[in-house]
Amino acid sequence: MPVRLLGMIGAIVLGLVAGYIGRLLTPGRGPTGCLPTIALGVVGSLVGYFIFTEALGIGDTEVFDFGGLPGAVIGVVLVLLALRWVGAHMGRGRRAA
């Protein structure tokens with residue numbers, strides 16, 4: 001298999017695992033289903049990567065690897081909390097109008 005294909009498969013698997021664990025750690029409303037969980041996990045992986053590797057200098061330079069799973073899960077939790085915060089504030093604005 002080409003390296004890029006393996007990288008994409010790794011990103012999908014890491015996204016699914018990180019998204020699932022992140023959703024378990026932050027119960028409540030949020031995206032459900034396999035594809036939204038993968039998307040949430042991939043976005044959370046990128047957030048975790050940029051926070052830990054780029055900003056703090058912790059970790060390696062591989063974006064999608066299972067060594068980065070803790071950072072990816074933290075990224076998912078942050079993304080979920082941000083989505084809920086934005087949703088709550090947007091909902092409040094609509095009701096007031």
# chains A, B, ... in the order shown; residues from 1 in each chain; ligands from 1

call {"tool": "residues_around", "arguments": {"residues": "Gly22 of chain A", "least_positions_apart": "4", "cutoff": "6 Å", "atoms": "only C-alpha atoms", "output": "VMD selection string"}}
result
chain A and resid 18 73 76 to 77

call {"tool": "write_last_selection", "arguments": {"atoms": "N, CA, C and O atoms", "output": "compact mmCIF listing (two decimals), in the first residue's frame"}}
result
# COMPACT_ATOMS: atom_id res chain seq x y z
N ALA A 18 -10.14 8.45 18.95
CA ALA A 18 -10.08 9.68 19.73
C ALA A 18 -11.46 10.31 19.87
O ALA A 18 -11.82 10.80 20.95
N VAL A 73 -7.27 13.10 22.08
CA VAL A 73 -8.46 13.03 22.93
C VAL A 73 -8.68 14.38 23.61
O VAL A 73 -9.81 14.87 23.68
N VAL A 76 -10.15 16.62 21.10
CA VAL A 76 -11.58 16.32 20.88
C VAL A 76 -12.41 16.94 21.98
O VAL A 76 -13.46 17.55 21.72
N VAL A 77 -11.97 16.79 23.23
CA VAL A 77 -12.72 17.36 24.35
C VAL A 77 -12.81 18.88 24.19
O VAL A 77 -13.88 19.47 24.38

call {"tool": "residues_around", "arguments": {"residues": "segment 80-82 of chain A", "least_positions_apart": "2", "cutoff": "12 Å", "atoms": "only C-alpha atoms", "output": "ChimeraX atom specification"}}
result
/A:18-32,36-37,39-41,43-44,47,73-78,84-89

call {"tool": "closest_residue", "arguments": {"among": "A:Ile9, A:Ala55, A:Leu35, A:Leu46", "to": "Gly71 of chain A", "atoms": "only C-alpha atoms"}}
result
A:Leu46
